[in-house]
Amino acid sequence: MDVRAHVSVVFHLDKCIGCHTCSVACKNVWTDRPGAEYMWWNNVETKPGTGYPTHWENQNKFNGGWKVQGENQLQLRCQNKADAFLKLFYNPNQPNLEDYYEPWTYKYDDLFTAKAADDQPTAIPVSQVTGQPIDIKAGPNWDDDLSGSPIYAENDLNLDALSEAERAQLFEIERLTMFYLPRICNHCANPSCVAACPSGAIYKRGEDGIVLINQEKCRGWRACVAACPYKKIYYNWKTGKSEKCILCFPRLETGQPPACFQSCVGRIRYLGVLLYDAERVPDAMRVADRALVESQRSTFLDPHDPKVVAAALKNGISEEFIESAQKSPVYQYVVKWRLALPLHLEYRTMPMLFYVPPLLPIIGNSANGTYEHSADRFFTSLEKARLPVKYLASLFSAGNEQVIEAVMKKLMAVRHYKRWQSVRDLAENDVQRILREAQTTPEEVEEIYRMTSLPTQYQRYVLPPLQREEAIQSTCSPEACKGCSGFSLNPALGPRA
Amino acid sequence: MMDAFLFVGLPYIALVVCVVGCIWRARQNRFSMSARSSQFLEDRQLLFGSTPWHIGIGVVLLGHIIAGLLPRVWSSILTVSGALFVIETVGVACSILALVGLGVLIFRRITSARVQAVTTGMDLVVVGLLFLQVLVGLLSAINYRYGSAWSTGTVVPYFWGLVTLNPDMTYVTGFPVLFKLHLVGAWLLILLVPFTRLMHVLVVPVHYLWRAPQLVIWSNARRRREAIEATIQAESRRQFIKGAAGLAGAGGLLAIGVSQKVVGYFRGPAADLEAESALLAKKLHRLQQTAEERALELERQRNDMILVARYADLQDAKGKYFIDYQMAPGLAFKGKDGLPLLISAKCTHLGCTVASDLDAQGRVLCPCHVSYFDVVTGKPNEGAPAKKPLPHLAWALVDATGKVVISKRPGSPPEGSVPAETLPQLSLYITKPPARIA
């Protein structure tokens, strides 16, 4: 048993209001630099929709992640060791600027310098790459809130699993269903970007599992951009280096949650330590698609188990870290309550970012134009839900619908139980049956309710002490010197020789 | 003078600047080291430019490198029938491929606004120089056929002359202009490596072939094992720096030597005709001396006997030096029986000349590594560095009329006899050793 600690996160999608505050916070802290304008280390997508970069889920095009080959061997989809060298010259799997969008700004100066005339002066858009005027064709959240659109939403690859009837149901005029999917780097436990980097510049931090790119070692071969199935590694066209979400490690090391967490308006984000068995990770990712979620869960360890604690201590994990793991909201959501699921686990990178799937659209189902909310209706509606279980399964459980149903039943049990407690319009027998069917107890439901609706900031973000004072390498505070974090904002250190 | 600068001065300047510059950049500005791909901004034309260019130039460079570094291997490949034809064809085809690819890349760099946004002045210099270089190379390959064969006798020795600090530009000064241009272009490109994106060639990630797929780095000293390893690393780094400093010192001295030589190379002939002729005269004189010595030696070889000394001059305890047929030193003593005792004076250890004085035990000393040789047996003392005995030499005593009265060959008794009182009138000669049976 090789116990490792991982700073992992849960996004509660029922609580996401799609305000993009997280994206803006991240942009202001990290990517407001030349060459990084188009990057959104944190972005929020509307689902169903094509996402950013467009069609990032299309692995037939981008070939990200791992595939199982021959005798249960994991193999990168994008390259093998030999053809990786040919792909240094031209990588057929790499997305280009068109797949994202051409970043632009406006010629605000024109508003002040225009000569007096009959017409009002305008600030025309100019490309942030070439500086030339451009015709804006796409943006980072171009299909925001456009789930009814046949141009964007219908192209969502996760809809391929659905039947015609289910599609019709989903896109019924005036009863459109959608939800928001905030995405940051998953800081995977079996990262394909690390395995693909020819220079060996990408690494996983041993203490907390954060995946980082050493900007000094990166040579701009771009294999990681192709290898990451979530397209969460971005190529800085100006510096010739790849960049990615760093989970604001300089903030974590000084006891602050990452910028996108701190700024989250809906308070959807949870951060805490998960203990996992690193030895079992490769094997866990070799099983059949349907078994993947369970297989990933089996690698997580109970931080209360004395054996695990002993093994963790032996492995150099501090007592404070273990204590933090015991209080972790992520452990509760992912392992204890089994509510939070990874995104697209079929890419087999074992993401350590988990989503509580959205429940709201399901009770949004209606009959005869009236809003149904009786206990029975909830469950019959699960099969006929506006947002089909199949769709959620293709996002969050590698196609296994039973996993999604179990989560949905438990989420609804929480609602029924709390409604019964406060409104008392449901029969107690029904509520007991619902709890039984969801395989939960009133105590657990109460816990889930408190963690979902009433948590304080310190319950949502259980930051482990990263003991930066003991670390060999440390960085400056991001506010004081962004350039020191390796992205070279100092023009003198730029790539132009 | 111009040739000397282009084919001796420029190469050394280019190599020194390239090596020093690359090390400096790798240490001081690692962040700037990148392939600086622009595929992200424009990928359609890049596919038809970058791939043919890199494959073409890769194959051509490989041929140059093998021929340059392993000329014997290269020549042995060429001896296979048809190999020359295949190599020339592949080389020309790959140059054309590279040239076409580079053409597309240049076109793309000039026409695409996005690519222009990441283009520096140096990029244009490099790409233009590369185009000319490949074009000139291709033209000389077509005009002066079978360069892969004749280069091993011309360019390769020139190159190795540079490497071994013994530059000889006469190998290349007679070349046609096209070829000279190609050589100069190569040195210019090497010179530019540390200042341009060309440096990405040096960081091709070969170690990817054998590295483990996952990479985990522990930055916390809490992990004891890692901490110890880190200490060991730091320690070895310190050792490395010490070693590097030593090497740098040696390199500095070497560089002084080299620069002196290079400067001398340029200054020598032009500076002073008189000094040059004096040097030539000295060389001639030395040659003449060598020739005279050789003549003398031959003359000695022709004689059946060579005079060593008069018998009267021989002593018991102090040997008299002479030169034997092999031009090696020998020693002549008066033996206990009154007859001469001739022994080689060339130590059997490393060839020093042994001393002439006998010690109390009747031995001579080799002063180089202290071996004592018994002159009667020739054997060295126990534990001496020399293991083999000193050989005895054949001799003859000749009277005034030139008649041999007594002679001796090593290992056999003396032939003839002579009364003791007549000995002082005789002269001692060494006799020619019997011809060795091959």
# chains A, B, ... in the order shown; residues from 1 in each chain; ligands from 1
call {"tool": "closest_atom_pairs", "arguments": {"of": "chain A", "to": "chain B", "cutoff": "6 Å", "atoms": "only C-alpha atoms", "output": "tab-separated table"}}
result
residue	atom	partner	partner_atom	distance
A:Lys81	CA	B:Leu209	CA	5.9
A:Phe89	CA	B:Thr51	CA	5.6
A:Tyr90	CA	B:Leu47	CA	5.9
A:Asn96	CA	B:Phe40	CA	4.4
A:Leu97	CA	B:Leu41	CA	5.7
A:Thr130	CA	B:Arg114	CA	5.5
A:Val194	CA	B:Gln214	CA	6.0
A:Ala195	CA	B:Pro213	CA	4.3
A:Pro198	CA	B:Tyr208	CA	5.1
A:Ser199	CA	B:Pro205	CA	5.3
A:Tyr203	CA	B:Leu215	CA	5.0
A:Lys204	CA	B:Val216	CA	4.7
A:Arg205	CA	B:Ile217	CA	5.1
A:Gly206	CA	B:Trp218	CA	4.5
A:Glu216	CA	B:Phe31	CA	4.6
A:Arg219	CA	B:Ser34	CA	4.1
A:Gly220	CA	B:Ser34	CA	5.4
A:Gly240	CA	B:Arg36	CA	4.4
A:Gly316	CA	B:Arg223	CA	5.0
A:Ala471	CA	B:Asn220	CA	4.2
A:Ile472	CA	B:Ser219	CA	5.4
A:Pro495	CA	B:Ser32	CA	4.6
call {"tool": "select_by_dssp", "arguments": {"residues": "stretch 285-375 of chain B", "states": "strand (DSSP E or B)", "output": "PyMOL selection string"}}
result
chain B and resi 305-310+318+320-323+329-334+340-344+346+353+357+363-366+371-374
call {"tool": "select_by_dssp", "arguments": {"residues": "stretch 169-286 of chain B", "states": "alpha helix (DSSP H)", "output": "PyMOL selection string"}}
result
chain B and resi 170-173+177-192+224-271+273-286
call {"tool": "closest_residue", "arguments": {"among": "A:Ile136, A:Leu313, A:Ala398, A:Cys228", "to": "A:Asn158", "atoms": "only C-alpha atoms"}}
result
A:Ala398
call {"tool": "closest_residue", "arguments": {"among": "A:His55, A:Lys390, A:Arg33, A:Arg280", "to": "A:Ala189", "atoms": "only C-alpha atoms"}}
result
A:Arg280
call {"tool": "closest_residue", "arguments": {"among": "B:Gln425, B:Ser259, B:Ser371, B:Thr111", "to": "B:Arg310", "atoms": "only C-alpha atoms"}}
result
B:Gln425
